[in-house]
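Notes follow once the structure below has been shown.
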Amino acid sequence: MALSEAEIARYARQLLLPGLGEMGQERLRAARVKVWGAGPLAGPALLYLAEAGVGAVIVDDPGVVGPADRAGWLHGPSDEGKPRLDLALEAVDAANHFVYAEPEGRGPGPTAALICLESPEQARAAARIAFEARLPHVVAEVDGEGGSVTVVPVGGPCFECSYRPGGDRPGQAAGYAAASSLAALELVLLLACLTPEPRGRRLDLLRGHPAARATVRQPGCGCTVGRAP
Amino acid sequence: MSRLDIRPYSCPLTWVKTRIALERLAPGERLEVLLPEGEPLENVPRTAEEEGHLVVSRAPAAAEGPGCWTVVLEKGTPRDAAF
């Protein structure tokens, strides 16, 4: 279905981006993105996805706002103790009324996923679930004022193939903002079929600059037979 | 030939509407654009050329109202996005 007049006006400047056009915007609108996390690493991505005009943002987060969430974009001092899920849905809804903001389990399932969990182990587990479900997904990780973003298209090497342990510095506000925004951008490019590396890539944020490299399947990794380890 | 009236719009919607109309055509097909003189008449044909389309003609269209022009564009071959 073609974009409405209101949608064209809403996304006018985005429609001018090279290669996106009406078809790319329609692809974004058709996407239902599950976002794992609603904390400081997810906040910028949630807003970015809403502003970009994906069809639905499905949020999965059982936590409540704590002091550490103040490093993100969504939560202020008065939000402590409130469910992060509710605040995330409110933020998405307020950003763009064309986008459905849904909690996990309501409505049809996702068509893509964005993993923005502060815990590396939880992020790895979520990536395995997304891979098994054959969802194109992007994983954001934070490390101090930097971090990394891994893009996993369907059929590409899994997150484990490029995972590097370490990065044990606590997340800083700048790192959350950069990794989260970059992850959302990479997912938008993937959904709009504009990603420069269709087989997947990893971007490491080094001193504020993203260094990209294509991901390769690691010998012995279970994803060589279409299954994550 | 398809026809598009962008007189009710202002920048950037003038070019957005034109670009979407061009996207819906096949390479070589033509689009007649009605636009007002001034910024749209300067920018829409120029941007079309920058994006690889051909400006076939531009002429006043007095019958459509004072200050109205008609620009005929021919769709070019789409270019790859650069990301």
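A note on labels: chains of the structure tokens are A, B, ... as shown, every chain counts residues from 1, and ligands are counted from 1 in their shown order.
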
Taking 5 positions as the minimum chain separation for residues in the same chain, which residues sit within 7 Å of region 157-173 of chain A when counting only C-alpha atoms? Answer as a PDB file with C-alpha atoms, in the first residue's frame.
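For reference, out-v7.pdb as written:
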```pdb
ATOM      1  CA  ALA A  71      22.570   7.394  31.874  1.00  0.00           C
ATOM      2  CA  GLY A  72      20.004   6.827  29.142  1.00  0.00           C
ATOM      3  CA  ALA A 127      20.847 -13.235  19.854  1.00  0.00           C
ATOM      4  CA  PHE A 131      18.938 -16.466  15.155  1.00  0.00           C
ATOM      5  CA  VAL A 142      28.419  -0.851  25.227  1.00  0.00           C
ATOM      6  CA  ASP A 143      31.926  -0.521  26.592  1.00  0.00           C
ATOM      7  CA  GLY A 144      32.620   2.667  28.471  1.00  0.00           C
ATOM      8  CA  GLU A 145      32.152   5.536  26.058  1.00  0.00           C
ATOM      9  CA  THR A 150      26.737  -6.462  15.099  1.00  0.00           C
ATOM     10  CA  VAL A 152      23.058 -10.439  11.565  1.00  0.00           C
ATOM     11  CA  GLY A 200      26.511  -9.136   8.018  1.00  0.00           C
ATOM     12  CA  THR A 215      31.574 -10.817   9.692  1.00  0.00           C
ATOM     13  CA  VAL A 216      32.700 -14.284   8.728  1.00  0.00           C
ATOM     14  CA  ARG A 217      31.412 -17.629   9.832  1.00  0.00           C
ATOM     15  CA  GLN A 218      33.783 -19.240  12.314  1.00  0.00           C
ATOM     16  CA  CYS A 221      30.252 -22.697  14.781  1.00  0.00           C
ATOM     17  CA  CYS A 223      25.412 -21.652  12.587  1.00  0.00           C
ATOM     18  CA  ALA A 228      23.201 -21.144  16.583  1.00  0.00           C
TER      19      ALA A 228
END
```

**Shell around region 50-52 of chain B at 7 Å using only C-alpha atoms, local window under 2 positions removed, as a PyMOL selection string** = chain B and resi 46-48+54+76-77

Mind dumping a table of every chain A residue within 9 Å of chain B, with the nearest atom pair and its distance in Å to one decimal, using only C-alpha atoms, sorted by chain and rising number, as a tab-separated table?
```
residue	atom	partner	partner_atom	distance
A:Ile8	CA	B:Val16	CA	7.9
A:Ala9	CA	B:Leu13	CA	7.0
A:Ala12	CA	B:Val16	CA	6.3
A:Arg13	CA	B:Pro12	CA	7.1
A:Leu15	CA	B:Val16	CA	6.9
A:Leu16	CA	B:Val16	CA	6.6
A:Leu17	CA	B:Ala81	CA	8.6
A:Pro18	CA	B:Ala81	CA	5.0
A:Gly19	CA	B:Ala81	CA	4.5
A:Leu20	CA	B:Ala81	CA	7.9
A:Gly21	CA	B:Ile20	CA	6.9
A:Glu22	CA	B:Ile20	CA	6.2
A:Met23	CA	B:Glu23	CA	8.6
A:Leu189	CA	B:Phe83	CA	8.9
A:Leu194	CA	B:Ala81	CA	7.3
A:Thr195	CA	B:Phe83	CA	7.4
A:Pro196	CA	B:Phe83	CA	6.2
```

**Item:** Distance in Å - CA of Lys82 (chain A) versus CA of Val64 (chain A)
**Value:** 5.3 Å

**All helix (DSSP H, G or I) positions in region 124-223 of chain A, as JSON, numbers by chain** = {"A": [124, 125, 126, 127, 128, 129, 130, 131, 132, 159, 160, 161, 162, 173, 174, 175, 176, 177, 178, 179, 180, 181, 182, 183, 184, 185, 186, 187, 188, 189, 190, 191, 222, 223]}

Please save N, CA and C atoms of the selected residues as an mmCIF file, in the first residue's frame.
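selection00.cif was written with the following content:
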```
data_model
loop_
_atom_site.group_PDB
_atom_site.id
_atom_site.type_symbol
_atom_site.label_atom_id
_atom_site.label_comp_id
_atom_site.auth_asym_id
_atom_site.auth_seq_id
_atom_site.Cartn_x
_atom_site.Cartn_y
_atom_site.Cartn_z
ATOM 1 N N ARG A 124 23.767 -12.241 24.456
ATOM 2 C CA ARG A 124 24.128 -13.437 23.681
ATOM 3 C C ARG A 124 22.957 -14.412 23.626
ATOM 4 N N ALA A 125 22.267 -14.558 24.754
ATOM 5 C CA ALA A 125 21.118 -15.464 24.774
ATOM 6 C C ALA A 125 20.004 -14.962 23.847
ATOM 7 N N ALA A 126 19.758 -13.662 23.876
ATOM 8 C CA ALA A 126 18.719 -13.100 23.001
ATOM 9 C C ALA A 126 19.105 -13.260 21.533
ATOM 10 N N ALA A 127 20.394 -13.074 21.238
ATOM 11 C CA ALA A 127 20.847 -13.235 19.854
ATOM 12 C C ALA A 127 20.648 -14.669 19.377
ATOM 13 N N ARG A 128 20.869 -15.621 20.274
ATOM 14 C CA ARG A 128 20.636 -17.027 19.891
ATOM 15 C C ARG A 128 19.161 -17.255 19.581
ATOM 16 N N ILE A 129 18.292 -16.675 20.393
ATOM 17 C CA ILE A 129 16.847 -16.830 20.156
ATOM 18 C C ILE A 129 16.463 -16.210 18.810
ATOM 19 N N ALA A 130 16.963 -15.008 18.554
ATOM 20 C CA ALA A 130 16.634 -14.333 17.287
ATOM 21 C C ALA A 130 17.159 -15.127 16.100
ATOM 22 N N PHE A 131 18.360 -15.688 16.255
ATOM 23 C CA PHE A 131 18.938 -16.466 15.155
ATOM 24 C C PHE A 131 18.103 -17.718 14.893
ATOM 25 N N GLU A 132 17.736 -18.410 15.978
ATOM 26 C CA GLU A 132 16.924 -19.631 15.829
ATOM 27 C C GLU A 132 15.576 -19.319 15.183
ATOM 28 N N PHE A 159 25.756 -14.081 15.674
ATOM 29 C CA PHE A 159 26.425 -13.131 16.571
ATOM 30 C C PHE A 159 27.650 -13.749 17.223
ATOM 31 N N GLU A 160 27.570 -15.040 17.552
ATOM 32 C CA GLU A 160 28.692 -15.706 18.217
ATOM 33 C C GLU A 160 29.940 -15.710 17.345
ATOM 34 N N CYS A 161 29.750 -15.739 16.037
ATOM 35 C CA CYS A 161 30.903 -15.801 15.134
ATOM 36 C C CYS A 161 31.798 -14.569 15.249
ATOM 37 N N SER A 162 31.241 -13.452 15.656
ATOM 38 C CA SER A 162 32.066 -12.242 15.765
ATOM 39 C C SER A 162 32.160 -11.741 17.195
ATOM 40 N N ALA A 173 27.171 7.375 29.475
ATOM 41 C CA ALA A 173 26.061 7.950 28.698
ATOM 42 C C ALA A 173 26.409 8.062 27.213
ATOM 43 N N ALA A 174 27.630 8.498 26.915
ATOM 44 C CA ALA A 174 28.017 8.665 25.510
ATOM 45 C C ALA A 174 28.061 7.322 24.792
ATOM 46 N N GLY A 175 28.530 6.288 25.491
ATOM 47 C CA GLY A 175 28.581 4.961 24.883
ATOM 48 C C GLY A 175 27.202 4.409 24.609
ATOM 49 N N TYR A 176 26.298 4.577 25.561
ATOM 50 C CA TYR A 176 24.916 4.125 25.338
ATOM 51 C C TYR A 176 24.315 4.820 24.118
ATOM 52 N N ALA A 177 24.486 6.131 24.065
ATOM 53 C CA ALA A 177 23.875 6.903 22.973
ATOM 54 C C ALA A 177 24.444 6.484 21.623
ATOM 55 N N ALA A 178 25.769 6.352 21.553
ATOM 56 C CA ALA A 178 26.396 6.041 20.267
ATOM 57 C C ALA A 178 26.055 4.629 19.804
ATOM 58 N N ALA A 179 26.213 3.640 20.688
ATOM 59 C CA ALA A 179 25.962 2.254 20.286
ATOM 60 C C ALA A 179 24.490 2.036 19.955
ATOM 61 N N SER A 180 23.625 2.628 20.753
ATOM 62 C CA SER A 180 22.187 2.451 20.545
ATOM 63 C C SER A 180 21.733 3.095 19.230
ATOM 64 N N SER A 181 22.161 4.314 18.985
ATOM 65 C CA SER A 181 21.762 5.003 17.751
ATOM 66 C C SER A 181 22.306 4.281 16.527
ATOM 67 N N LEU A 182 23.562 3.862 16.618
ATOM 68 C CA LEU A 182 24.167 3.172 15.481
ATOM 69 C C LEU A 182 23.473 1.834 15.220
ATOM 70 N N ALA A 183 23.090 1.152 16.281
ATOM 71 C CA ALA A 183 22.389 -0.124 16.110
ATOM 72 C C ALA A 183 21.044 0.083 15.407
ATOM 73 N N ALA A 184 20.330 1.112 15.817
ATOM 74 C CA ALA A 184 19.042 1.388 15.170
ATOM 75 C C ALA A 184 19.236 1.751 13.703
ATOM 76 N N LEU A 185 20.261 2.548 13.424
ATOM 77 C CA LEU A 185 20.533 2.911 12.031
ATOM 78 C C LEU A 185 20.851 1.674 11.196
ATOM 79 N N GLU A 186 21.672 0.793 11.743
ATOM 80 C CA GLU A 186 22.020 -0.430 11.003
ATOM 81 C C GLU A 186 20.784 -1.282 10.744
ATOM 82 N N LEU A 187 19.883 -1.338 11.712
ATOM 83 C CA LEU A 187 18.665 -2.120 11.499
ATOM 84 C C LEU A 187 17.776 -1.468 10.447
ATOM 85 N N VAL A 188 17.703 -0.151 10.463
ATOM 86 C CA VAL A 188 16.915 0.554 9.440
ATOM 87 C C VAL A 188 17.472 0.258 8.051
ATOM 88 N N LEU A 189 18.803 0.304 7.911
ATOM 89 C CA LEU A 189 19.423 -0.003 6.615
ATOM 90 C C LEU A 189 19.127 -1.444 6.203
ATOM 91 N N LEU A 190 19.162 -2.343 7.175
ATOM 92 C CA LEU A 190 18.892 -3.748 6.883
ATOM 93 C C LEU A 190 17.441 -3.935 6.426
ATOM 94 N N LEU A 191 16.526 -3.307 7.136
ATOM 95 C CA LEU A 191 15.101 -3.459 6.799
ATOM 96 C C LEU A 191 14.769 -2.829 5.447
ATOM 97 N N GLY A 222 28.061 -23.604 15.211
ATOM 98 C CA GLY A 222 26.827 -24.311 14.877
ATOM 99 C C GLY A 222 26.004 -23.623 13.813
ATOM 100 N N CYS A 223 26.246 -22.354 13.574
ATOM 101 C CA CYS A 223 25.412 -21.652 12.587
ATOM 102 C C CYS A 223 25.744 -22.066 11.161
#
```

**Close residues, Pro103 (chain A) itself excluded, 7 Å, only C-alpha atoms, min 2 positions apart in chain, as a list in words** = Ile58, Val59, Asp60, Gly105 and Arg106 of chain A

**Request:** Could you give me the residues within region 30-191 of chain A that DSSP places in strand (DSSP E), as a ChimeraX atom specification?
**Result:** /A:32-36,56-60,100-103,112-115,137-143,146-152

Create the file for the chosen residues now, containing N, CA, C and O atoms and written as a short mmCIF file (atom, residue, chain, number, x, y, z; two decimals), in the first residue's frame.
```
data_model
loop_
_atom_site.label_atom_id
_atom_site.label_comp_id
_atom_site.auth_asym_id
_atom_site.auth_seq_id
_atom_site.Cartn_x
_atom_site.Cartn_y
_atom_site.Cartn_z
N ARG A 32 7.98 -5.26 11.90
CA ARG A 32 7.61 -5.29 13.32
C ARG A 32 8.88 -5.67 14.09
O ARG A 32 9.34 -6.81 13.99
N VAL A 33 9.42 -4.70 14.79
CA VAL A 33 10.74 -4.87 15.41
C VAL A 33 10.60 -5.16 16.90
O VAL A 33 10.01 -4.37 17.64
N LYS A 34 11.13 -6.30 17.30
CA LYS A 34 11.18 -6.60 18.73
C LYS A 34 12.45 -6.01 19.31
O LYS A 34 13.55 -6.26 18.78
N VAL A 35 12.32 -5.20 20.34
CA VAL A 35 13.47 -4.61 21.00
C VAL A 35 13.63 -5.28 22.36
O VAL A 35 12.75 -5.19 23.21
N TRP A 36 14.75 -5.98 22.51
CA TRP A 36 15.08 -6.57 23.81
C TRP A 36 15.73 -5.48 24.64
O TRP A 36 16.81 -4.99 24.29
N ALA A 56 5.87 -1.38 13.76
CA ALA A 56 5.59 -1.61 15.17
C ALA A 56 6.89 -1.81 15.92
O ALA A 56 7.84 -2.39 15.40
N VAL A 57 6.90 -1.32 17.14
CA VAL A 57 8.01 -1.57 18.06
C VAL A 57 7.46 -2.41 19.20
O VAL A 57 6.54 -2.00 19.90
N ILE A 58 8.00 -3.60 19.33
CA ILE A 58 7.56 -4.54 20.36
C ILE A 58 8.64 -4.57 21.44
O ILE A 58 9.78 -4.95 21.16
N VAL A 59 8.28 -4.15 22.62
CA VAL A 59 9.29 -4.00 23.68
C VAL A 59 9.20 -5.16 24.66
O VAL A 59 8.11 -5.55 25.07
N ASP A 60 10.36 -5.69 25.00
CA ASP A 60 10.45 -6.79 25.96
C ASP A 60 11.42 -6.38 27.07
O ASP A 60 12.64 -6.32 26.84
N TYR A 100 3.07 1.53 15.93
CA TYR A 100 2.44 0.81 17.03
C TYR A 100 3.49 0.50 18.09
O TYR A 100 4.54 -0.05 17.78
N ALA A 101 3.20 0.84 19.32
CA ALA A 101 4.07 0.51 20.45
C ALA A 101 3.38 -0.59 21.23
O ALA A 101 2.28 -0.40 21.76
N GLU A 102 4.02 -1.75 21.29
CA GLU A 102 3.35 -2.91 21.87
C GLU A 102 4.26 -3.62 22.88
O GLU A 102 5.46 -3.72 22.65
N PRO A 103 3.66 -4.16 23.93
CA PRO A 103 4.46 -5.05 24.79
C PRO A 103 4.60 -6.41 24.12
O PRO A 103 3.81 -6.76 23.24
N ALA A 112 11.75 -8.67 12.82
CA ALA A 112 13.16 -8.33 13.01
C ALA A 112 13.37 -8.04 14.49
O ALA A 112 12.39 -7.89 15.24
N ALA A 113 14.63 -7.99 14.89
CA ALA A 113 14.90 -7.76 16.31
C ALA A 113 16.09 -6.84 16.50
O ALA A 113 17.02 -6.82 15.68
N LEU A 114 16.03 -6.09 17.60
CA LEU A 114 17.14 -5.24 18.01
C LEU A 114 17.44 -5.57 19.46
O LEU A 114 16.54 -5.51 20.31
N ILE A 115 18.66 -5.96 19.73
CA ILE A 115 19.03 -6.43 21.07
C ILE A 115 19.87 -5.36 21.76
O ILE A 115 20.98 -5.06 21.32
N HIS A 137 18.62 -9.50 12.76
CA HIS A 137 18.75 -8.78 14.03
C HIS A 137 20.06 -8.03 14.12
O HIS A 137 21.02 -8.31 13.39
N VAL A 138 20.06 -7.08 15.03
CA VAL A 138 21.24 -6.25 15.30
C VAL A 138 21.45 -6.25 16.81
O VAL A 138 20.49 -6.14 17.57
N VAL A 139 22.70 -6.40 17.21
CA VAL A 139 23.04 -6.45 18.63
C VAL A 139 23.91 -5.25 18.98
O VAL A 139 24.94 -5.02 18.33
N ALA A 140 23.48 -4.50 19.99
CA ALA A 140 24.28 -3.36 20.48
C ALA A 140 24.97 -3.76 21.77
O ALA A 140 24.36 -4.41 22.63
N GLU A 141 26.24 -3.40 21.89
CA GLU A 141 26.99 -3.63 23.12
C GLU A 141 27.68 -2.32 23.49
O GLU A 141 28.12 -1.59 22.61
N VAL A 142 27.77 -2.09 24.78
CA VAL A 142 28.42 -0.85 25.23
C VAL A 142 29.67 -1.20 26.01
O VAL A 142 29.73 -2.23 26.70
N ASP A 143 30.66 -0.35 25.88
CA ASP A 143 31.93 -0.52 26.59
C ASP A 143 32.46 0.87 26.91
O ASP A 143 33.06 1.52 26.04
N GLY A 146 32.32 3.78 24.40
CA GLY A 146 32.23 3.20 23.07
C GLY A 146 31.37 1.97 23.10
O GLY A 146 30.47 1.84 23.92
N GLY A 147 31.64 1.06 22.19
CA GLY A 147 30.86 -0.16 22.13
C GLY A 147 30.96 -0.77 20.75
O GLY A 147 31.88 -0.46 19.97
N SER A 148 30.02 -1.62 20.44
CA SER A 148 30.02 -2.25 19.13
C SER A 148 28.59 -2.58 18.72
O SER A 148 27.68 -2.63 19.55
N VAL A 149 28.44 -2.79 17.44
CA VAL A 149 27.14 -3.12 16.84
C VAL A 149 27.38 -4.26 15.86
O VAL A 149 28.26 -4.16 15.01
N THR A 150 26.60 -5.32 15.99
CA THR A 150 26.74 -6.46 15.10
C THR A 150 25.44 -6.68 14.34
O THR A 150 24.36 -6.75 14.95
N VAL A 151 25.57 -6.76 13.03
CA VAL A 151 24.41 -6.93 12.16
C VAL A 151 24.35 -8.38 11.70
O VAL A 151 25.33 -8.89 11.14
N VAL A 152 23.22 -9.03 11.93
CA VAL A 152 23.06 -10.44 11.57
C VAL A 152 21.85 -10.59 10.65
O VAL A 152 20.72 -10.74 11.11
#
```

**Prompt:** Quick one: residues within 8 Å of region 55-68 of chain B, only C-alpha atoms counted, chain neighbours fewer than 6 positions away excluded, as a list in words?
**Reply:** Leu34, Leu35, Pro36, Glu37, Pro45, Ala48, Glu49 and Glu74 of chain B

With C-alpha atoms retained, could you export that selection as a short mmCIF file (atom, residue, chain, number, x, y, z; two decimals), in the first residue's frame?
```cif
data_model
loop_
_atom_site.label_atom_id
_atom_site.label_comp_id
_atom_site.auth_asym_id
_atom_site.auth_seq_id
_atom_site.Cartn_x
_atom_site.Cartn_y
_atom_site.Cartn_z
CA LEU B 34 3.12 21.74 -12.76
CA LEU B 35 4.98 24.11 -10.47
CA PRO B 36 5.17 27.78 -9.56
CA GLU B 37 8.01 30.03 -10.61
CA PRO B 45 14.58 20.42 -12.41
CA ALA B 48 16.11 15.88 -11.05
CA GLU B 49 19.18 16.28 -13.24
CA GLU B 74 12.14 11.78 -18.25
#
```

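The spacing separating CA of Pro40 (chain A) from CA of Trp73 (chain A) amounts to 6.5 Å.
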
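Among the candidates B:Trp69, B:Lys75, B:Leu4, B:Glu39, the one nearest to Leu22 (chain B) when counting only C-alpha atoms is B:Lys75.
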
**Message:** Which residue is closest to Glu29 (chain B)? Choose from B:Leu41, B:Tyr9, B:His53, B:Met1 and count only C-alpha atoms.
**Reply:** B:Met1

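Straight-line separation from CA of Arg213 (chain A) to CA of Arg201 (chain A): 5.6 Å.
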
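The residue that comes closest to Thr111 (chain A), out of A:Arg84, A:Arg199, A:Arg27, A:His209 and on the basis of only C-alpha atoms, is A:Arg27.
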